[in-house]
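What follows is entry_12.tsv (TSV, C-alpha atoms).
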chain	number	residue	atom	x	y	z
A	256	MET	CA	7.49	-144.75	46.88
A	257	ILE	CA	11.13	-143.80	46.22
A	258	GLU	CA	12.57	-140.41	45.35
A	259	LEU	CA	16.02	-140.40	43.81
A	260	SER	CA	18.49	-137.57	43.63
A	261	ASN	CA	21.93	-137.86	42.12
A	262	ARG	CA	24.76	-135.85	43.60
A	263	GLU	CA	27.81	-136.49	41.41
A	264	ASP	CA	28.84	-140.07	42.14
A	265	LEU	CA	26.46	-140.35	45.06
A	266	CYS	CA	22.80	-141.30	44.89
A	267	VAL	CA	20.35	-140.38	47.63
A	268	ALA	CA	17.20	-142.49	47.72
A	269	ARG	CA	14.36	-141.44	49.98
A	270	VAL	CA	11.89	-144.14	50.92
A	271	GLY	CA	8.46	-142.56	51.06
A	272	VAL	CA	6.46	-145.24	52.85
A	273	THR	CA	5.99	-145.83	56.56
A	274	ARG	CA	6.03	-149.62	56.39
A	275	LEU	CA	8.66	-151.61	54.55
A	276	ASP	CA	7.35	-155.16	54.55
A	277	ALA	CA	6.99	-157.90	51.94
A	278	SER	CA	4.25	-155.98	50.14
A	279	ARG	CA	6.67	-153.14	49.38
A	280	THR	CA	10.16	-154.59	49.21
A	281	PRO	CA	9.93	-155.93	45.63
A	282	GLU	CA	9.34	-152.38	44.41
A	283	LEU	CA	12.21	-151.08	46.52
A	284	ARG	CA	14.56	-153.75	45.19
A	285	ASN	CA	13.42	-153.39	41.58
A	286	THR	CA	13.85	-149.62	41.68
A	287	LEU	CA	17.14	-149.37	43.51
A	288	VAL	CA	19.18	-152.34	42.27
A	289	PRO	CA	19.44	-151.02	38.68
A	290	VAL	CA	20.41	-147.60	40.06
A	291	ALA	CA	23.00	-149.13	42.37
A	292	GLU	CA	24.53	-151.04	39.47
A	293	GLN	CA	25.43	-147.66	37.94
A	294	LYS	CA	26.75	-146.13	41.17
A	295	SER	CA	29.25	-147.00	43.87
A	296	ARG	CA	27.79	-145.01	46.76
A	297	MET	CA	24.26	-144.62	47.96
A	298	ILE	CA	22.49	-143.04	50.91
A	299	LEU	CA	19.14	-144.55	51.77
A	300	ASP	CA	16.94	-142.09	53.65
A	301	VAL	CA	14.54	-144.17	55.75
A	302	SER	CA	13.39	-141.36	58.04
A	303	ALA	CA	9.76	-141.93	57.01
A	304	VAL	CA	9.87	-145.66	57.75
A	305	ASP	CA	8.30	-146.72	61.06
A	306	PHE	CA	8.54	-150.44	60.47
A	307	MET	CA	10.84	-152.73	58.52
A	308	ASP	CA	10.88	-156.53	58.42
A	309	SER	CA	13.38	-159.12	57.21
A	310	THR	CA	12.31	-158.72	53.58
A	311	GLY	CA	13.24	-155.04	53.88
A	312	LEU	CA	16.64	-156.06	55.19
A	313	GLY	CA	17.02	-158.43	52.26
A	314	ALA	CA	16.26	-155.61	49.84
A	315	LEU	CA	18.88	-153.39	51.49
A	316	ILE	CA	21.48	-156.14	51.11
A	317	SER	CA	20.54	-156.63	47.45
A	318	VAL	CA	21.12	-152.92	46.87
A	319	LEU	CA	24.42	-153.00	48.75
A	320	LYS	CA	25.62	-155.92	46.64
A	321	ALA	CA	24.56	-154.15	43.45
A	322	LEU	CA	26.85	-151.25	44.38
A	323	GLY	CA	29.77	-153.59	43.78
A	324	LYS	CA	32.75	-154.89	45.69
A	325	ASP	CA	33.93	-151.43	46.70
A	326	GLY	CA	30.44	-150.03	46.99
A	327	GLU	CA	29.32	-148.12	50.02
A	328	MET	CA	25.84	-147.68	51.40
A	329	ALA	CA	24.70	-145.54	54.30
A	330	ILE	CA	21.38	-145.51	56.09
A	331	ALA	CA	20.13	-142.10	57.15
A	332	GLY	CA	17.41	-141.19	59.61
A	333	ALA	CA	16.61	-144.66	60.92
A	334	ARG	CA	13.87	-144.48	63.53
A	335	PRO	CA	14.30	-146.50	66.74
A	336	ALA	CA	12.53	-149.67	65.54
A	337	VAL	CA	14.46	-149.72	62.27
A	338	ARG	CA	17.77	-148.92	63.94
A	339	ARG	CA	17.20	-151.65	66.48
A	340	LEU	CA	16.45	-154.18	63.73
A	341	LEU	CA	19.60	-153.24	61.83
A	342	GLU	CA	21.68	-153.61	64.98
A	343	LEU	CA	19.97	-156.80	66.07
A	344	THR	CA	20.64	-158.49	62.75
A	345	ARG	CA	24.18	-157.05	62.56
A	346	LEU	CA	23.52	-155.15	59.35
A	347	ASP	CA	25.07	-152.15	61.04
A	348	GLN	CA	28.34	-154.02	60.43
A	349	VAL	CA	27.98	-153.75	56.67
A	350	MET	CA	26.28	-150.36	56.26
A	351	ARG	CA	26.80	-147.27	58.37
A	352	LEU	CA	23.99	-145.48	60.13
A	353	TYR	CA	23.72	-141.68	60.31
A	354	PRO	CA	21.12	-139.40	61.89
A	355	THR	CA	20.47	-137.42	58.69
A	356	VAL	CA	21.25	-137.40	54.98
A	357	PRO	CA	23.63	-134.40	55.33
A	358	ASP	CA	25.50	-136.28	58.07
A	359	ALA	CA	25.82	-139.33	55.84
A	360	GLU	CA	26.87	-137.28	52.82
A	361	ALA	CA	29.49	-135.39	54.82
A	362	ALA	CA	30.94	-138.64	56.17
A	363	MET	CA	31.01	-140.32	52.77
A	364	ARG	CA	32.75	-137.35	51.17
A	365	ALA	CA	35.27	-136.92	53.98
B	33	VAL	CA	-10.99	-163.39	76.46
B	34	THR	CA	-10.44	-164.72	72.99
B	35	SER	CA	-10.70	-162.92	69.67
B	36	SER	CA	-10.30	-164.51	66.31
B	37	ARG	CA	-10.45	-163.47	62.70
B	38	SER	CA	-9.47	-164.71	59.27
B	39	PHE	CA	-7.33	-162.74	56.86
B	40	ALA	CA	-6.73	-163.15	53.15
B	41	ALA	CA	-3.34	-164.67	52.43
B	42	ARG	CA	-2.10	-161.55	50.67
B	43	LEU	CA	1.05	-159.59	51.37
B	44	ASP	CA	-1.00	-156.39	51.12
B	45	ASP	CA	-3.02	-157.55	54.13
B	46	ILE	CA	-0.10	-158.04	56.53
B	47	ALA	CA	-0.52	-154.56	57.98
B	48	SER	CA	-4.21	-155.31	58.57
B	49	VAL	CA	-3.29	-158.23	60.82
B	50	VAL	CA	-1.03	-155.99	62.86
B	51	GLU	CA	-3.64	-153.24	63.12
B	52	TRP	CA	-6.30	-155.69	64.26
B	53	ILE	CA	-4.03	-157.07	66.98
B	54	ARG	CA	-2.97	-153.58	68.01
B	55	SER	CA	-6.56	-152.49	68.41
B	56	ASP	CA	-7.31	-155.52	70.57
B	57	ALA	CA	-4.15	-156.03	72.56
B	58	GLY	CA	-2.03	-152.93	72.11
B	59	GLU	CA	-2.51	-151.71	75.67
B	60	GLU	CA	-1.02	-154.91	77.03
B	61	LEU	CA	2.15	-154.33	75.05
B	62	THR	CA	2.81	-150.91	76.48
B	63	SER	CA	6.58	-151.03	76.40
B	64	HIS	CA	7.59	-149.52	73.06
B	65	GLU	CA	10.41	-151.96	72.55
B	66	ARG	CA	8.11	-154.80	73.48
B	67	TRP	CA	5.63	-153.72	70.80
B	68	ASP	CA	8.44	-153.55	68.22
B	69	ASP	CA	9.49	-157.13	68.99
B	70	PHE	CA	5.88	-158.27	68.98
B	71	GLU	CA	5.02	-156.58	65.69
B	72	LEU	CA	8.13	-157.95	64.02
B	73	ALA	CA	7.45	-161.52	65.18
B	74	ILE	CA	3.85	-161.36	63.97
B	75	VAL	CA	4.75	-159.86	60.60
B	76	GLU	CA	7.50	-162.43	60.04
B	77	ALA	CA	5.14	-165.26	60.94
B	78	VAL	CA	2.35	-164.03	58.66
B	79	THR	CA	4.79	-163.39	55.81
B	80	ASN	CA	6.26	-166.86	56.23
B	81	THR	CA	2.79	-168.38	56.05
B	82	ILE	CA	1.89	-166.46	52.88
B	83	VAL	CA	5.19	-166.95	51.09
B	84	HIS	CA	5.89	-170.56	52.03
B	85	ALA	CA	2.83	-172.41	53.35
B	86	LEU	CA	0.27	-170.76	51.08
B	87	ARG	CA	2.34	-170.09	47.99
B	88	ASP	CA	0.19	-170.91	44.94
B	89	LEU	CA	-2.87	-171.09	47.20
B	90	PRO	CA	-4.15	-167.50	46.91
B	91	ASP	CA	-7.72	-168.34	47.94
B	92	GLU	CA	-6.67	-169.71	51.30
B	93	THR	CA	-6.91	-167.65	54.47
B	94	ILE	CA	-4.87	-167.30	57.63
B	95	GLY	CA	-6.64	-167.68	60.93
B	96	VAL	CA	-5.46	-165.40	63.72
B	97	GLU	CA	-6.52	-165.98	67.32
B	98	LEU	CA	-5.69	-163.88	70.38
B	99	LEU	CA	-5.87	-165.50	73.77
B	100	ARG	CA	-5.07	-164.12	77.21
B	101	HIS	CA	-3.59	-166.90	79.28
B	102	GLY	CA	-2.99	-165.44	82.70
B	103	ASN	CA	-0.69	-162.48	82.06
B	104	ASP	CA	0.50	-163.94	78.78
B	105	LEU	CA	-0.77	-163.01	75.37
B	106	VAL	CA	-0.94	-165.94	72.98
B	107	VAL	CA	-1.24	-165.40	69.24
B	108	THR	CA	-2.05	-168.46	67.15
B	109	LEU	CA	-1.82	-168.47	63.37
B	110	THR	CA	-3.43	-171.30	61.44
B	111	ASP	CA	-3.42	-172.24	57.79
B	112	ARG	CA	-4.16	-175.17	55.52
B	113	GLY	CA	-1.10	-174.93	53.34
B	114	ARG	CA	2.18	-176.74	53.08
B	115	ALA	CA	3.67	-177.69	56.43
B	116	MET	CA	7.22	-176.83	57.33
B	117	PRO	CA	9.48	-179.10	59.37
B	118	ALA	CA	8.91	-178.10	62.99
B	119	SER	CA	12.62	-178.63	63.62
B	120	LEU	CA	13.35	-175.43	61.67
B	121	LEU	CA	12.15	-173.54	64.73
B	122	ASP	CA	14.28	-175.47	67.20
B	123	ASP	CA	17.33	-173.30	66.98
B	124	PRO	CA	17.30	-170.91	64.01
B	125	VAL	CA	20.59	-169.18	63.38
B	126	LEU	CA	20.98	-165.57	62.33
B	127	PRO	CA	22.58	-165.69	58.88
B	128	ASP	CA	25.59	-163.77	57.69
B	129	PRO	CA	24.89	-160.00	57.52
B	130	LEU	CA	25.22	-160.14	53.72
B	131	ALA	CA	22.55	-162.82	53.29
B	132	THR	CA	19.46	-161.55	51.47
B	133	SER	CA	17.06	-163.89	53.29
B	134	GLY	CA	16.83	-166.39	56.13
B	135	ARG	CA	16.17	-164.10	59.09
B	136	GLY	CA	12.44	-164.61	59.52
B	137	LEU	CA	12.39	-167.61	61.84
B	138	TRP	CA	15.18	-166.14	63.93
B	139	LEU	CA	13.22	-162.92	64.38
B	140	ILE	CA	10.11	-164.86	65.33
B	141	LYS	CA	12.05	-166.73	68.00
B	142	HIS	CA	13.69	-163.52	69.17
B	143	GLY	CA	10.41	-161.64	69.50
B	144	ALA	CA	8.24	-164.28	71.11
B	145	ASP	CA	8.89	-165.86	74.51
B	146	GLU	CA	7.62	-169.24	73.39
B	147	VAL	CA	7.11	-170.62	69.90
B	148	ARG	CA	5.30	-173.84	69.10
B	149	TYR	CA	4.55	-175.22	65.66
B	150	THR	CA	2.40	-178.23	64.92
B	151	SER	CA	0.95	-179.69	61.76
B	152	ALA	CA	-1.73	-182.35	61.58
B	153	ALA	CA	-4.74	-183.20	59.44
B	154	ASN	CA	-3.88	-180.53	56.86
B	155	ARG	CA	-3.84	-177.83	59.51
B	156	ASN	CA	-0.70	-175.94	60.48
B	157	GLU	CA	-0.63	-174.04	63.73
B	158	LEU	CA	2.00	-171.57	64.92
B	159	ARG	CA	1.52	-170.48	68.50
B	160	LEU	CA	3.46	-167.49	69.78
B	161	THR	CA	3.39	-166.64	73.48
B	162	PHE	CA	4.34	-163.18	74.68
B	163	LYS	CA	4.93	-162.65	78.37
B	164	PRO	CA	4.60	-159.29	80.10
B	165	ALA	CA	7.57	-156.97	79.83
B	166	SER	CA	9.75	-157.34	82.91
In structure tokens, how does this file's structure come out?
Amino acid sequence: MIELSNREDLCVARVGVTRLDASRTPELRNTLVPVAEQKSRMILDVSAVDFMDSTGLGALISVLKALGKDGEMAIAGARPAVRRLLELTRLDQVMRLYPTVPDAEAAMRA
Amino acid sequence: VTSSRSFAARLDDIASVVEWIRSDAGEELTSHERWDDFELAIVEAVTNTIVHALRDLPDETIGVELLRHGNDLVVTLTDRGRAMPASLLDDPVLPDPLATSGRGLWLIKHGADEVRYTSAANRNELRLTFKPAS
């Protein structure tokens, strides 16, 4: 469900499911929170995700918090429905959105 | 025209509810954004029922009914689990962006044009009305 790649201090996590609802978010949280506790920056590639609900948002926030006080998380490749949900719920105020993983990585390393 | 079906109260079955509704009523929700709001409201409502009303009641089912009322599409979810205070749906507030939960009822109210919740005789009913996209 999740592919991880570490790039120095940055972790890129690619979500490999099309729906991120309550049947999937425990696995997302359980996989990424321990990783985030060891990192300070993470890019979450959600380009495969067509649908996300509030439990998915909760999992993203858990990961962001696990990155620590100065942690930084970026969302890459959000499709329209996911982007709209992030904006609607104001999560775009606490994690930045980028079109692609390279865009997010370039911005985080700038 | 009315369609109805029961679904197992399992998180793995949430997508099945959406697919069933899409196959029956998808053409009426032709606006893409409208479908996104609709799908989100339905998923949040079903998840809420499974996680809260039917927690520890895995053998229970969720009834889903589709009703065309004029140009409106009405989706009614029923269960025989724990009732929630109807007042929770009066004016749900979007929580702080860093909250890990508490957005479900707000998203239901955002996605549906009308929301009505009643509970009586061990039967909870959540009725969501969706009006045509303007």
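Every residue of chain A that lies within 8 Å of chain B is listed here, counting all atoms listed in the file: A:Ala277, A:Ser278, A:Asp308, A:Ser309, A:Thr310, A:Leu312, A:Gly313, A:Ala314, A:Ile316, A:Ser317, A:Ala336, A:Thr344, A:Arg345, A:Leu346, A:Gln348, A:Val349.
Between CA of Asp305 (chain A) and CA of Val356 (chain A) the interatomic distance comes to 17.1 Å.
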How many Å lie between CA of Leu86 (chain B) and CA of Glu157 (chain B), rounded to one decimal?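 Distance reported for this atom pair: 13.1 Å.
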Please provide the set of residues having any atom within 12 Å of Asp91 (chain B), restricted to all atoms listed in the file, with same-chain residues fewer than 5 positions apart removed, written as a PyMOL selection string. chain B and resi 39-42+82+86+111-113
When distances are computed from only C-alpha atoms, which of A:Tyr353, A:Thr280, A:Val288, A:Met328 shows the smallest separation from Val267 (chain A)?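 Answer, going by the shortest atom-to-atom distance: A:Met328.
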Can you put N, CA and C atoms back into region 299-332 of chain A and show it as a CSV table (one decimal), in the coordinates of the input?
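Result file is selection-v2.csv:
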chain,number,residue,atom,x,y,z
A,299,LEU,N,20.6,-144.2,51.7
A,299,LEU,CA,19.1,-144.6,51.8
A,299,LEU,C,18.5,-143.8,52.9
A,300,ASP,N,17.6,-142.9,52.6
A,300,ASP,CA,16.9,-142.1,53.6
A,300,ASP,C,15.7,-142.8,54.1
A,301,VAL,N,15.7,-143.4,55.3
A,301,VAL,CA,14.5,-144.2,55.8
A,301,VAL,C,13.8,-143.4,56.9
A,302,SER,N,14.0,-142.1,56.9
A,302,SER,CA,13.4,-141.4,58.0
A,302,SER,C,11.9,-141.4,58.1
A,303,ALA,N,11.2,-141.8,57.0
A,303,ALA,CA,9.8,-141.9,57.0
A,303,ALA,C,9.3,-143.3,57.4
A,304,VAL,N,10.2,-144.2,57.5
A,304,VAL,CA,9.9,-145.7,57.8
A,304,VAL,C,9.7,-146.0,59.2
A,305,ASP,N,8.5,-146.3,59.7
A,305,ASP,CA,8.3,-146.7,61.1
A,305,ASP,C,8.6,-148.2,61.3
A,306,PHE,N,8.4,-149.0,60.3
A,306,PHE,CA,8.5,-150.4,60.5
A,306,PHE,C,9.3,-151.1,59.3
A,307,MET,N,10.2,-152.0,59.6
A,307,MET,CA,10.8,-152.7,58.5
A,307,MET,C,10.9,-154.2,59.0
A,308,ASP,N,10.8,-155.1,58.1
A,308,ASP,CA,10.9,-156.5,58.4
A,308,ASP,C,12.1,-157.1,57.7
A,309,SER,N,12.2,-158.5,57.8
A,309,SER,CA,13.4,-159.1,57.2
A,309,SER,C,13.4,-159.0,55.7
A,310,THR,N,12.3,-158.9,55.0
A,310,THR,CA,12.3,-158.7,53.6
A,310,THR,C,12.9,-157.3,53.2
A,311,GLY,N,12.6,-156.4,54.1
A,311,GLY,CA,13.2,-155.0,53.9
A,311,GLY,C,14.7,-155.1,54.0
A,312,LEU,N,15.2,-155.9,55.0
A,312,LEU,CA,16.6,-156.1,55.2
A,312,LEU,C,17.2,-156.7,54.0
A,313,GLY,N,16.5,-157.7,53.4
A,313,GLY,CA,17.0,-158.4,52.3
A,313,GLY,C,17.2,-157.5,51.1
A,314,ALA,N,16.2,-156.6,50.9
A,314,ALA,CA,16.3,-155.6,49.8
A,314,ALA,C,17.5,-154.7,50.0
A,315,LEU,N,17.7,-154.3,51.2
A,315,LEU,CA,18.9,-153.4,51.5
A,315,LEU,C,20.2,-154.1,51.1
A,316,ILE,N,20.3,-155.4,51.5
A,316,ILE,CA,21.5,-156.1,51.1
A,316,ILE,C,21.6,-156.3,49.6
A,317,SER,N,20.5,-156.5,48.9
A,317,SER,CA,20.5,-156.6,47.4
A,317,SER,C,21.1,-155.3,46.8
A,318,VAL,N,20.6,-154.2,47.4
A,318,VAL,CA,21.1,-152.9,46.9
A,318,VAL,C,22.6,-152.8,47.2
A,319,LEU,N,23.0,-153.1,48.4
A,319,LEU,CA,24.4,-153.0,48.8
A,319,LEU,C,25.3,-153.8,47.8
A,320,LYS,N,24.9,-155.0,47.5
A,320,LYS,CA,25.6,-155.9,46.6
A,320,LYS,C,25.7,-155.4,45.2
A,321,ALA,N,24.6,-154.7,44.8
A,321,ALA,CA,24.6,-154.2,43.4
A,321,ALA,C,25.5,-153.0,43.3
A,322,LEU,N,25.9,-152.4,44.4
A,322,LEU,CA,26.8,-151.2,44.4
A,322,LEU,C,28.3,-151.7,44.0
A,323,GLY,N,28.5,-153.0,44.2
A,323,GLY,CA,29.8,-153.6,43.8
A,323,GLY,C,30.7,-153.8,45.0
A,324,LYS,N,31.8,-154.5,44.6
A,324,LYS,CA,32.8,-154.9,45.7
A,324,LYS,C,33.2,-153.7,46.6
A,325,ASP,N,33.5,-152.6,45.9
A,325,ASP,CA,33.9,-151.4,46.7
A,325,ASP,C,32.8,-150.5,47.0
A,326,GLY,N,31.6,-150.9,46.8
A,326,GLY,CA,30.4,-150.0,47.0
A,326,GLY,C,30.2,-149.7,48.5
A,327,GLU,N,29.5,-148.6,48.7
A,327,GLU,CA,29.3,-148.1,50.0
A,327,GLU,C,27.9,-147.7,50.1
A,328,MET,N,27.2,-148.1,51.2
A,328,MET,CA,25.8,-147.7,51.4
A,328,MET,C,25.7,-147.2,52.8
A,329,ALA,N,25.0,-146.1,53.0
A,329,ALA,CA,24.7,-145.5,54.3
A,329,ALA,C,23.2,-145.4,54.5
A,330,ILE,N,22.8,-145.6,55.7
A,330,ILE,CA,21.4,-145.5,56.1
A,330,ILE,C,21.2,-144.2,56.9
A,331,ALA,N,20.3,-143.4,56.5
A,331,ALA,CA,20.1,-142.1,57.2
A,331,ALA,C,18.7,-142.0,57.8
A,332,GLY,N,18.7,-141.5,59.0
A,332,GLY,CA,17.4,-141.2,59.6
A,332,GLY,C,16.6,-142.4,60.1
